[in-house]
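To start, the structure under review is shown below, and the notes come after it.
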Amino acid sequence: MTAAINKRLLGKMDKAALMAFCSAISLNAGAGSAVAQNDAASAATDDVIIVSARRREESLLDVPIAVTAIGGDQLERQGVQDITYLTQSVPNLTLKVSRGTNSTLTAFIRGVGQQDPVAGFESGVGIYVDDVYLNRPQGAVLDIYDVERIEVLRGPQGTLYGRNTVGGAVKYVTKRLGDEPLARLRASGGTFGQFDIIGTAEMPLTDDFAVGGSVAYLSRNGFGENLTTGEENYDKNILAFRASAEFDNDVVFVRLAGDYLKDKSNPKGGHRLVPGLFTGAPVLSDVFDSRGAISGKNEAEAYGAALHIEVALNDQWTIKNIAAWRKDDNTQQIDFDALPTIDVDVPVIYENEQFTEELQLLYESDAIAGVLGFYYIDANAADTFDVVLGATGALPLVGLPGLNANTTGDVDTSSWSVFGDLTFDLDSIFGVAGVELAVGGRYTSDKRSSRVLRQTFIGGNTPPFGGTTSVLIATTSDFTGEETFTDFSPRVSLAYSPNRDHNFYASYSQGFKSGSFDPRGQTTSVTVDFDGDGDVDAADIFEFMKFDPEEVDSYEIGWKARFADGRVTSNLAAFYAEYKNVQIPGSQGGIDPITNAPTFIGVTTNAGGAEFFGVEWEGTALIADNIFGGGETFSIGWGGGWIDADYTQFLVGTVDVSGQRVVQNTPEFSGALTTTYTHPANIFGHDGDVAFITQTSYKSETHQFEVPNPLLDQSGYGLVDASLVWTSEDSRLQIGVHGKNLFDREYRVAGYNFLAQNPDGSLVTPLVSTLGLEGIQSAFFGPPRTVTGTVQVQF
């Protein structure tokens with residue numbers, strides 16, 4: 001079994017050699033990704049890329065899962081600033097900053113995800129930092145520093161990773177401490193006043209114990225300006241650090257780690273795509289400028305601690321325990337209308353806390369390898385937000401100045417699961433050469449307790465947002481509910497390796513995302529007798545508020561290969577997935593049934609089903625080595641994806657409108673091509689290599705919501721990036737220049753829509769607002785052209 005061979009190979013190395021080996025791997029961990037390519041020195045060797053997709057360290061080629069692994073050193077060499085950059089190069093992946101926020105993440109893989117950050121809604125893509133699951137999307141736009149590698153696992157990971165990985169998982173793996181004292185400083189400066197500085201230090205205190213950490217200050221002026229407040233728009237102001245203490249005597253490994261992040265960036269204002277319907281305010285010429293007048297605290301703070309313990313009982317058995325606690329507090333100011341007048345202003349506070357515990361028992365021999373485990377999470381997600389409808393005309397009509405629909409939600413999650421995954425080498429057991437069978441399953445019990453309180457005020461903001469004159473006039477929801485959802489998620493794969501360079505596999509896997517209660521639901525609007533008992537009562541309100549779990553069944557075939565002694569790698573996968581009980585959260589303008597005033601109403605349904613067909617191909621190739629006799633190399637990397645994503649059922653009431661709906665944040669085509677040319681160069685008396693790296697990426701049309709929108713949806717676009725980096729031979733000095741979006745392409749990544757649409761998605765003409773008077777059609781854009789210079793010195 002190759003996994004056992006890898007273990008024996010690593011076991012023969014002393015600790016220093018192992019660290020050097022892992023460092024070399026980290027440079028090449030993008031095999032099969034257009035983000036990173038093999039360095040010339042190792043492209044044609046037997047080095048293997050190690051990933052932990054199956055909860056144990058294995059060669060990437062041996063894992064029967066579509067995985068992209070990208071080394072942290074390569075990400076730094078390309079000047080990558082945060083994980084959203086991966087969306088340009090990893091097939092069928094969308095990672096983006098959520099609309100109106102600075103550090104909240106929206107994630108989709110293969111058509112499955114979630115972009116609504118309100119408490120009660122769960123992501124469909126699991127985000128993990130050192131195997132610790134991040135339960136909420138706030139603070140999940142992870143900056144790139146102190147990173148060993150990032151793994152993107154595509155397709156349902158319900159067996160090994162559990163709840164809310166129906167689309168896949170993203171694993172952010174930080175670097176472990178080394179055996180030698182280390183101090184490293186990386187400074188970057190560039191366009192829009194960018195100034196980043198990252199300091200890292202490590203100190204072994206004994207042969208077995210070391211401490212270390214990194215501090216990062218990341219700053220940038222805005223890409224645009226808020227023309228009303230004068231503040232920078234799309235700016236960045238982040239302070240973050242990570243620290244750890246590690247004990248490792250080759251039998252027992254203990255790591256206590258902590259991290260902290262403070263984001264004080266300004267509120268991010270959207271760009272109106274239509275003139276104001278009431279004031280006639282024109283569309284601005286600069287898409288990064290905005291005119292919203294909302295003010296107040298805008299800040300995100302996230303912190304946590306984790307304790308990892310691994311004990312090798314013998315050569316075959318290992319016990320691993322991961323206990324972690326995390327908390328984050330976020331206050332955001334979102335001006336939906338993006339105008340100086342108060343038309344639709346939404347300040348929001350998110351407060352999240354979680355404790356997780358995972359116990360694993362790992363076994364590995366020549367015949368069998370696998371893991372048995374128990375997982376527990378106790379989490380709370382709470383938020384409160386105002387929807388202030390100002391005095392631009394709507395409120396005087398109803399005689400209610402400063403109408404405010406406030407919603408407060410509080411969701412407790414208590415979930416536990418047991419899981420197991422075993423891989424059988426059928427050659428060792430039955431003499432069937434090259435065949436590997438893997439089977440696994442996870443049972444999950446998810447208890448969700450929810451409180452939803454919706455109240456209508458007059459007089460502007462409520463006290464949590466600085467209001468002093470608001471008066472309660474109606475309560476439109478006061479709901480408390482509890483439900484336990486259970487699920488069993490199986491997985492099975494069969495792989496055939498005729499030799500060490502090829503692996504053919506077929507797999508089936510299932511993912512599960514828990515149900516919950518609509519965090520914006522308005523119970524006073526319930527008119528349906530769900531239980532048929534002749535009246536609308538508490539049981540009907542419960543059914544109205546509840547939405548069911550969703551599930552994905554995925555079938556995949558793949559071929560992973562190395563050719564020409566490793567000079568060429570290829571990872572090809574084809575998949576089909578059935579998506580059931582799809583959760584569709586939404587919000588729309590409506591009428592308060594008590595006051596008959598305009599308001600903001602949440603609508604969440606299990607729309608029905610969808611299906612996905614797709615193909616993904618990633619690879620690398622060392623095209624030329626020692627081209628002109630001076631040690632030059634030229635290599636390419638590629639990653640491409642095609643997905644046919646369609647709803648098979650989408651119910652609006654009792655009417656199936658699936659033919660008029662699209663799968664959001666899922667372009668049909670996505671791909672990237674990376675080229676790397678290296679040449680030996682002596683700078684400042686130091687031998688080293690200069691690398692010129694280019695990346696060209698493309699995404700076809702991307703829809704922001706399930707209803708097509710001619711103004712918000714982004715047509716197909718391409719981006720071109722380039723980096724010129726010199727690295728000394730001993731890696732102690734690195735100097736680079738990085739250009740992103742060199743052709744300054746404008747592209748929309750998110751937005752808000754409260755304009756009436758026809759059934760086919762076209763806008764009703766003349767334009768009709770469904771919330772407020774000005775009409776909301778606001779977009780948020782990806783970064784413009786930037787140029788950054790970096791210097792890194794290691795002592």
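Simple scheme: letters A, B, ... for chains in structure tokens order, numbers from 1 for residues in each chain, numbers from 1 for ligands in the order shown.
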Inset, instruction - Write out as JSON, numbers by chain which residues come within 6 Å of region 638-646 of chain A when counting only C-alpha atoms, dropping same-chain ones fewer than 2 positions away. - result: {"A": [33, 34, 91, 92, 610, 611, 612, 613, 614, 615, 616, 617, 618, 619, 668, 669, 670, 671, 672, 673]}
Please produce a file of the residues just selected, as a tab-separated table (two decimals), in the first residue's frame, where the atoms kept are C-alpha atoms.
chain	number	residue	atom	x	y	z
A	33	SER	CA	-3.14	23.31	-9.78
A	34	ALA	CA	-2.54	26.25	-12.04
A	91	PRO	CA	-11.66	24.53	-11.00
A	92	ASN	CA	-15.31	24.95	-10.00
A	610	ALA	CA	-30.66	20.25	-8.74
A	611	GLU	CA	-28.18	18.13	-10.61
A	612	PHE	CA	-24.63	18.74	-11.70
A	613	PHE	CA	-22.45	17.17	-14.39
A	614	GLY	CA	-18.85	18.24	-14.63
A	615	VAL	CA	-15.25	17.60	-15.66
A	616	GLU	CA	-12.07	18.95	-14.07
A	617	TRP	CA	-8.51	18.68	-15.35
A	618	GLU	CA	-5.41	19.94	-13.60
A	619	GLY	CA	-1.77	19.35	-14.34
A	668	GLU	CA	-20.09	26.94	-16.48
A	669	PHE	CA	-16.41	27.27	-17.42
A	670	SER	CA	-13.48	28.17	-15.19
A	671	GLY	CA	-9.81	27.78	-15.84
A	672	ALA	CA	-6.31	29.14	-15.54
A	673	LEU	CA	-2.92	28.75	-17.21
Inset, instruction - Write out as an MDAnalysis selection string the residues lying within 10 Å of region 219-235 of chain A, counting only C-alpha atoms and excluding same-chain residues fewer than 3 positions away. - result: chainID A and resid 100:102 188:197 216 238:239 263:270 286:295 338:341 780:786
Export of the given selection (N, CA and C atoms) as a tab-separated table (two decimals), in the first residue's frame:
chain	number	residue	atom	x	y	z
A	100	GLY	N	-20.96	43.81	0.88
A	100	GLY	CA	-21.06	44.77	1.96
A	100	GLY	C	-20.18	44.49	3.16
A	101	THR	N	-19.22	43.56	3.05
A	101	THR	CA	-18.36	43.21	4.18
A	101	THR	C	-16.90	43.27	3.75
A	102	ASN	N	-16.01	43.13	4.74
A	102	ASN	CA	-14.58	43.11	4.46
A	102	ASN	C	-13.92	41.77	4.73
A	188	SER	N	5.77	44.58	2.34
A	188	SER	CA	5.21	44.80	1.01
A	188	SER	C	4.65	46.21	0.92
A	189	GLY	N	4.82	46.82	-0.23
A	189	GLY	CA	4.24	48.13	-0.48
A	189	GLY	C	3.82	48.22	-1.93
A	190	GLY	N	2.78	49.01	-2.19
A	190	GLY	CA	2.32	49.07	-3.56
A	190	GLY	C	1.27	50.13	-3.82
A	191	THR	N	0.58	49.96	-4.90
A	191	THR	CA	-0.45	50.91	-5.30
A	191	THR	C	-1.55	51.00	-4.26
A	192	PHE	N	-2.29	52.09	-4.29
A	192	PHE	CA	-3.36	52.39	-3.34
A	192	PHE	C	-2.83	52.43	-1.90
A	193	GLY	N	-1.56	52.83	-1.77
A	193	GLY	CA	-1.00	52.99	-0.44
A	193	GLY	C	-0.85	51.71	0.33
A	194	GLN	N	-0.72	50.59	-0.36
A	194	GLN	CA	-0.59	49.30	0.34
A	194	GLN	C	0.69	49.27	1.18
A	195	PHE	N	0.54	48.84	2.42
A	195	PHE	CA	1.70	48.60	3.28
A	195	PHE	C	1.39	47.40	4.17
A	196	ASP	N	2.12	46.32	3.95
A	196	ASP	CA	1.97	45.11	4.75
A	196	ASP	C	3.32	44.77	5.36
A	197	ILE	N	3.27	44.32	6.60
A	197	ILE	CA	4.49	43.84	7.24
A	197	ILE	C	4.15	42.62	8.09
A	216	ALA	N	1.06	40.12	11.83
A	216	ALA	CA	0.85	40.71	10.51
A	216	ALA	C	0.04	41.99	10.64
A	238	ILE	N	-5.96	45.71	8.93
A	238	ILE	CA	-6.03	44.45	9.68
A	238	ILE	C	-4.78	44.26	10.50
A	239	LEU	N	-4.98	43.87	11.75
A	239	LEU	CA	-3.89	43.42	12.62
A	239	LEU	C	-4.19	41.98	13.01
A	263	ASP	N	-10.08	43.65	12.43
A	263	ASP	CA	-10.29	44.30	11.13
A	263	ASP	C	-11.04	45.61	11.37
A	264	LYS	N	-10.36	46.73	11.13
A	264	LYS	CA	-10.96	48.04	11.34
A	264	LYS	C	-11.14	48.77	10.01
A	265	SER	N	-11.30	48.01	8.94
A	265	SER	CA	-11.54	48.62	7.63
A	265	SER	C	-12.87	49.37	7.64
A	266	ASN	N	-12.97	50.36	6.79
A	266	ASN	CA	-14.18	51.17	6.70
A	266	ASN	C	-15.35	50.36	6.15
A	267	PRO	N	-16.58	50.83	6.37
A	267	PRO	CA	-17.72	50.19	5.71
A	267	PRO	C	-17.51	50.17	4.20
A	268	LYS	N	-17.87	49.05	3.56
A	268	LYS	CA	-17.69	48.92	2.12
A	268	LYS	C	-19.00	49.28	1.42
A	269	GLY	N	-18.96	50.35	0.64
A	269	GLY	CA	-20.16	50.82	-0.05
A	269	GLY	C	-20.26	50.26	-1.45
A	270	GLY	N	-21.48	49.91	-1.85
A	270	GLY	CA	-21.71	49.37	-3.17
A	270	GLY	C	-21.83	50.46	-4.24
A	286	ASP	N	-17.04	55.90	-11.41
A	286	ASP	CA	-16.04	54.99	-10.83
A	286	ASP	C	-16.77	53.92	-10.02
A	287	VAL	N	-16.60	52.66	-10.39
A	287	VAL	CA	-17.35	51.59	-9.74
A	287	VAL	C	-16.92	51.37	-8.30
A	288	PHE	N	-15.77	51.92	-7.89
A	288	PHE	CA	-15.32	51.76	-6.52
A	288	PHE	C	-15.73	52.93	-5.63
A	289	ASP	N	-16.38	53.92	-6.20
A	289	ASP	CA	-16.92	55.02	-5.41
A	289	ASP	C	-18.34	54.70	-4.95
A	290	SER	N	-18.73	55.32	-3.85
A	290	SER	CA	-20.08	55.12	-3.32
A	290	SER	C	-20.53	56.41	-2.66
A	291	ARG	N	-21.83	56.49	-2.30
A	291	ARG	CA	-22.34	57.72	-1.70
A	291	ARG	C	-23.18	57.46	-0.45
A	292	GLY	N	-23.10	56.26	0.11
A	292	GLY	CA	-23.91	55.95	1.28
A	292	GLY	C	-23.54	56.81	2.48
A	293	ALA	N	-24.55	57.18	3.25
A	293	ALA	CA	-24.31	58.07	4.40
A	293	ALA	C	-24.34	57.33	5.73
A	294	ILE	N	-24.54	56.03	5.72
A	294	ILE	CA	-24.62	55.29	6.97
A	294	ILE	C	-23.31	55.47	7.74
A	295	SER	N	-23.41	55.62	9.04
A	295	SER	CA	-22.21	55.82	9.86
A	295	SER	C	-22.31	54.97	11.11
A	338	ALA	N	-26.96	52.96	-1.09
A	338	ALA	CA	-25.71	53.62	-1.51
A	338	ALA	C	-25.95	55.05	-1.94
A	339	LEU	N	-26.80	55.77	-1.18
A	339	LEU	CA	-27.09	57.17	-1.46
A	339	LEU	C	-27.02	57.97	-0.16
A	340	PRO	N	-26.86	59.31	-0.25
A	340	PRO	CA	-26.74	60.12	0.97
A	340	PRO	C	-28.00	60.10	1.82
A	341	THR	N	-29.16	59.99	1.20
A	341	THR	CA	-30.40	59.96	1.97
A	341	THR	C	-30.59	58.59	2.62
A	780	PHE	N	-20.82	45.03	-5.99
A	780	PHE	CA	-19.48	45.08	-5.42
A	780	PHE	C	-18.53	44.41	-6.40
A	781	PHE	N	-17.33	44.97	-6.52
A	781	PHE	CA	-16.41	44.58	-7.58
A	781	PHE	C	-15.14	43.96	-7.02
A	782	GLY	N	-14.53	43.10	-7.85
A	782	GLY	CA	-13.22	42.55	-7.52
A	782	GLY	C	-12.15	43.61	-7.63
A	783	PRO	N	-10.96	43.38	-7.06
A	783	PRO	CA	-9.91	44.40	-7.03
A	783	PRO	C	-9.50	44.86	-8.43
A	784	PRO	N	-9.16	46.15	-8.57
A	784	PRO	CA	-8.64	46.66	-9.84
A	784	PRO	C	-7.17	46.26	-10.01
A	785	ARG	N	-6.52	46.85	-10.99
A	785	ARG	CA	-5.09	46.57	-11.18
A	785	ARG	C	-4.30	47.06	-9.98
A	786	THR	N	-3.44	46.18	-9.46
A	786	THR	CA	-2.56	46.53	-8.36
A	786	THR	C	-1.15	46.06	-8.67
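Once Leu362 (chain A) and its same-chain neighbours fewer than 6 positions away are set aside, Arg55, Arg56, Ala312, Gln316, Trp317, Thr318, Ile319, Lys320, Ala369, Gly370, Val371, Leu372, Gly373, Gly420, Asp421 and Leu422 of chain A remain within 10 Å of it when counting only C-alpha atoms.
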I need the chosen residues saved as an mmCIF file, in the first residue's frame, with N, CA, C and O atoms.
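And here's part.cif as it stands now:
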data_model
loop_
_atom_site.group_PDB
_atom_site.id
_atom_site.type_symbol
_atom_site.label_atom_id
_atom_site.label_comp_id
_atom_site.auth_asym_id
_atom_site.auth_seq_id
_atom_site.Cartn_x
_atom_site.Cartn_y
_atom_site.Cartn_z
ATOM 1 N N ARG A 55 -7.682 12.493 6.356
ATOM 2 C CA ARG A 55 -7.363 12.565 7.783
ATOM 3 C C ARG A 55 -6.069 11.857 8.144
ATOM 4 O O ARG A 55 -5.816 11.568 9.307
ATOM 5 N N ARG A 56 -5.272 11.529 7.149
ATOM 6 C CA ARG A 56 -3.949 10.966 7.377
ATOM 7 C C ARG A 56 -3.059 11.427 6.232
ATOM 8 O O ARG A 56 -3.550 11.738 5.145
ATOM 9 N N ALA A 312 1.669 8.423 19.243
ATOM 10 C CA ALA A 312 1.925 7.214 18.467
ATOM 11 C C ALA A 312 2.054 6.041 19.434
ATOM 12 O O ALA A 312 3.066 5.908 20.132
ATOM 13 N N GLN A 316 1.693 1.265 14.232
ATOM 14 C CA GLN A 316 0.426 1.168 13.506
ATOM 15 C C GLN A 316 -0.685 2.041 14.085
ATOM 16 O O GLN A 316 -1.543 2.511 13.343
ATOM 17 N N TRP A 317 -0.687 2.274 15.386
ATOM 18 C CA TRP A 317 -1.811 2.964 16.018
ATOM 19 C C TRP A 317 -1.394 4.351 16.504
ATOM 20 O O TRP A 317 -0.350 4.525 17.128
ATOM 21 N N THR A 318 -2.255 5.322 16.216
ATOM 22 C CA THR A 318 -2.052 6.697 16.665
ATOM 23 C C THR A 318 -3.371 7.253 17.183
ATOM 24 O O THR A 318 -4.429 7.037 16.585
ATOM 25 N N ILE A 319 -3.288 7.956 18.299
ATOM 26 C CA ILE A 319 -4.452 8.660 18.836
ATOM 27 C C ILE A 319 -4.239 10.156 18.619
ATOM 28 O O ILE A 319 -3.154 10.683 18.887
ATOM 29 N N LYS A 320 -5.274 10.805 18.128
ATOM 30 C CA LYS A 320 -5.204 12.252 17.900
ATOM 31 C C LYS A 320 -6.427 12.908 18.538
ATOM 32 O O LYS A 320 -7.550 12.422 18.404
ATOM 33 N N ALA A 369 -5.601 0.773 6.309
ATOM 34 C CA ALA A 369 -5.345 2.095 6.892
ATOM 35 C C ALA A 369 -6.683 2.781 7.076
ATOM 36 O O ALA A 369 -7.607 2.591 6.276
ATOM 37 N N GLY A 370 -6.809 3.554 8.132
ATOM 38 C CA GLY A 370 -8.085 4.217 8.330
ATOM 39 C C GLY A 370 -8.145 5.001 9.612
ATOM 40 O O GLY A 370 -7.165 5.138 10.350
ATOM 41 N N VAL A 371 -9.355 5.512 9.874
ATOM 42 C CA VAL A 371 -9.581 6.346 11.046
ATOM 43 C C VAL A 371 -10.974 6.084 11.590
ATOM 44 O O VAL A 371 -11.922 5.879 10.834
ATOM 45 N N LEU A 372 -11.076 6.055 12.910
ATOM 46 C CA LEU A 372 -12.351 6.052 13.624
ATOM 47 C C LEU A 372 -12.378 7.304 14.479
ATOM 48 O O LEU A 372 -11.354 7.689 15.056
ATOM 49 N N GLY A 373 -13.556 7.945 14.581
ATOM 50 C CA GLY A 373 -13.547 9.196 15.305
ATOM 51 C C GLY A 373 -14.879 9.595 15.897
ATOM 52 O O GLY A 373 -15.939 9.037 15.569
ATOM 53 N N GLY A 420 -16.187 6.701 10.653
ATOM 54 C CA GLY A 420 -15.105 5.767 10.380
ATOM 55 C C GLY A 420 -14.837 5.702 8.891
ATOM 56 O O GLY A 420 -15.752 5.865 8.076
ATOM 57 N N ASP A 421 -13.584 5.500 8.538
ATOM 58 C CA ASP A 421 -13.205 5.377 7.136
ATOM 59 C C ASP A 421 -12.015 4.426 7.061
ATOM 60 O O ASP A 421 -10.987 4.661 7.709
ATOM 61 N N LEU A 422 -12.157 3.357 6.307
ATOM 62 C CA LEU A 422 -11.121 2.329 6.222
ATOM 63 C C LEU A 422 -10.754 2.079 4.770
ATOM 64 O O LEU A 422 -11.619 2.027 3.893
#
Inset, instruction - Kindly indicate which residue among A:Arg163, A:Arg748, A:Arg491, A:Arg562 lies nearest to Ile127 (chain A), using only C-alpha atoms for the distances. - result: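 Looking only at the distances to Ile127 (chain A), the closest residue turns out to be A:Arg163.
Nearest residue to His703 (chain A) among A:Ala691, A:Val749, A:Phe419, A:Thr444 is A:Val749, counting only C-alpha atoms.
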Inset, instruction - Enter the distance from CA of Leu273 (chain A) to CA of Tyr752 (chain A), in Å, rounded to one decimal. - result: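 About the pair CA of Leu273 (chain A) and CA of Tyr752 (chain A): they are 10.3 Å apart.
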I'd like a table as a Markdown table: residues in region 267-309 of chain A with an atom no more than 10 Å from region 347-356 of chain A, each row giving the shortest atom pair and its distance in Å to one decimal, only C-alpha atoms counted, sorted by chain and rising residue number.
| residue | atom | partner | partner_atom | distance |
| --- | --- | --- | --- | --- |
| A:Ile294 | CA | A:Pro347 | CA | 8.2 |
| A:Ser295 | CA | A:Pro347 | CA | 8.8 |
| A:Gly296 | CA | A:Pro347 | CA | 8.3 |
| A:Lys297 | CA | A:Pro347 | CA | 9.2 |
| A:Asn298 | CA | A:Pro347 | CA | 9.1 |
| A:Glu299 | CA | A:Ile349 | CA | 9.6 |
| A:Ala300 | CA | A:Tyr350 | CA | 9.1 |
| A:Glu301 | CA | A:Glu351 | CA | 9.8 |
| A:Ala302 | CA | A:Asn352 | CA | 9.2 |
| A:Tyr303 | CA | A:Glu353 | CA | 9.8 |
| A:Gly304 | CA | A:Gln354 | CA | 9.3 |
| A:Ala305 | CA | A:Phe355 | CA | 9.8 |
| A:Ala306 | CA | A:Thr356 | CA | 9.2 |
Dump as a short mmCIF file (atom, residue, chain, number, x, y, z; two decimals), in the first residue's frame, selection limited to N, CA and C atoms:
data_model
loop_
_atom_site.label_atom_id
_atom_site.label_comp_id
_atom_site.auth_asym_id
_atom_site.auth_seq_id
_atom_site.Cartn_x
_atom_site.Cartn_y
_atom_site.Cartn_z
N ILE A 294 -24.54 56.03 5.72
CA ILE A 294 -24.62 55.29 6.97
C ILE A 294 -23.31 55.47 7.74
N SER A 295 -23.41 55.62 9.04
CA SER A 295 -22.21 55.82 9.86
C SER A 295 -22.31 54.97 11.11
N GLY A 296 -21.20 54.84 11.81
CA GLY A 296 -21.16 54.03 13.02
C GLY A 296 -19.98 53.10 13.01
N LYS A 297 -19.83 52.36 14.07
CA LYS A 297 -18.71 51.45 14.23
C LYS A 297 -18.74 50.37 13.15
N ASN A 298 -17.58 50.12 12.56
CA ASN A 298 -17.43 49.05 11.57
C ASN A 298 -16.17 48.29 11.94
N GLU A 299 -16.32 47.11 12.53
CA GLU A 299 -15.16 46.41 13.09
C GLU A 299 -15.45 44.92 13.20
N ALA A 300 -14.41 44.14 12.97
CA ALA A 300 -14.50 42.69 13.14
C ALA A 300 -13.33 42.25 14.02
N GLU A 301 -13.65 41.37 14.98
CA GLU A 301 -12.63 40.85 15.88
C GLU A 301 -12.86 39.35 16.02
N ALA A 302 -11.83 38.57 15.77
CA ALA A 302 -11.95 37.11 15.86
C ALA A 302 -10.72 36.56 16.57
N TYR A 303 -10.94 35.56 17.42
CA TYR A 303 -9.82 34.98 18.15
C TYR A 303 -10.19 33.57 18.60
N GLY A 304 -9.16 32.79 18.89
CA GLY A 304 -9.42 31.42 19.30
C GLY A 304 -8.15 30.71 19.74
N ALA A 305 -8.33 29.51 20.26
CA ALA A 305 -7.22 28.68 20.71
C ALA A 305 -7.53 27.24 20.38
N ALA A 306 -6.49 26.46 20.12
CA ALA A 306 -6.66 25.05 19.78
C ALA A 306 -5.54 24.24 20.41
#
Inset, instruction - Point out the residue among A:Asp345, A:Asp625, A:Glu122, A:Glu358 with the least atom-to-atom distance to Val411 (chain A), counting only C-alpha atoms. - result: A:Glu122
Inset, instruction - Compile the contact shell of Ala169 (chain A) as a ChimeraX atom specification: residues with an atom at most 10 Å away, counting only C-alpha atoms, same-chain residues fewer than 4 positions apart removed. - result: /A:53,67,107-109,124-128,133,151-158,161,164-165
Inset, instruction - Find the residues around region 504-517 of chain A up to 8 Å (only C-alpha atoms counted), leave out those fewer than 4 positions away in its own chain, and share them as a ChimeraX atom specification. - result: /A:64,120-122,124,155-159,162-167,446,448,450,481,483,485,487,489-497,545-560
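The spacing separating CA of Ala561 (chain A) from CA of Thr694 (chain A) amounts to 24.7 Å.
Here the question is which of A:Glu774, A:Asp687, A:Glu706, A:Asp208 gets nearest to Trp726 (chain A) using only C-alpha atoms, and that residue is A:Asp687.
With only C-alpha atoms as the atoms that count, the minimum distance from Leu61 (chain A) to the choices A:Ser477, A:Ser445, A:Asn499, A:Thr484 is reached by A:Asn499.
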Inset, instruction - Looking only at strand (DSSP E) from DSSP on the backbone, list the matching residues of region 304-504 of chain A as a PyMOL selection string. - result: chain A and resi 304-312+317-335+345-364+368-385+388-389+403-425+435-458+471-499+502-504
Inset, instruction - Please indicate the distance in Å from CA of Tyr145 (chain A) to CA of Val215 (chain A), rounded to one decimal place. - result: 9.1 Å
Legend entry - Long-range neighbours of Ile322 (chain A) as a PyMOL selection string, 8 Å cut-off, only C-alpha atoms, 5 positions minimum in chain: chain A and resi 131-132+306-309+356-359
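Closest approach to Gln704 (chain A) among A:Thr633, A:Ser415, A:Ser123, A:Gln115: A:Gln115, based on only C-alpha atoms.
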Inset, instruction - Output as a list in words all residues of region 422-654 of chain A that backbone DSSP marks as helix (DSSP H, G or I). - result: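 Selecting the helix (DSSP H, G or I) positions of region 422-654 of chain A gives Leu426, Asp427, Ser428, Ile429, Phe430, Pro463, Pro464, Phe465, Thr523, Thr524, Ser525, Ala538, Ala539, Asp540, Ile541, Phe542, Glu543, Phe544, Met545, Ala564, Asp565 and Gly566 of chain A.
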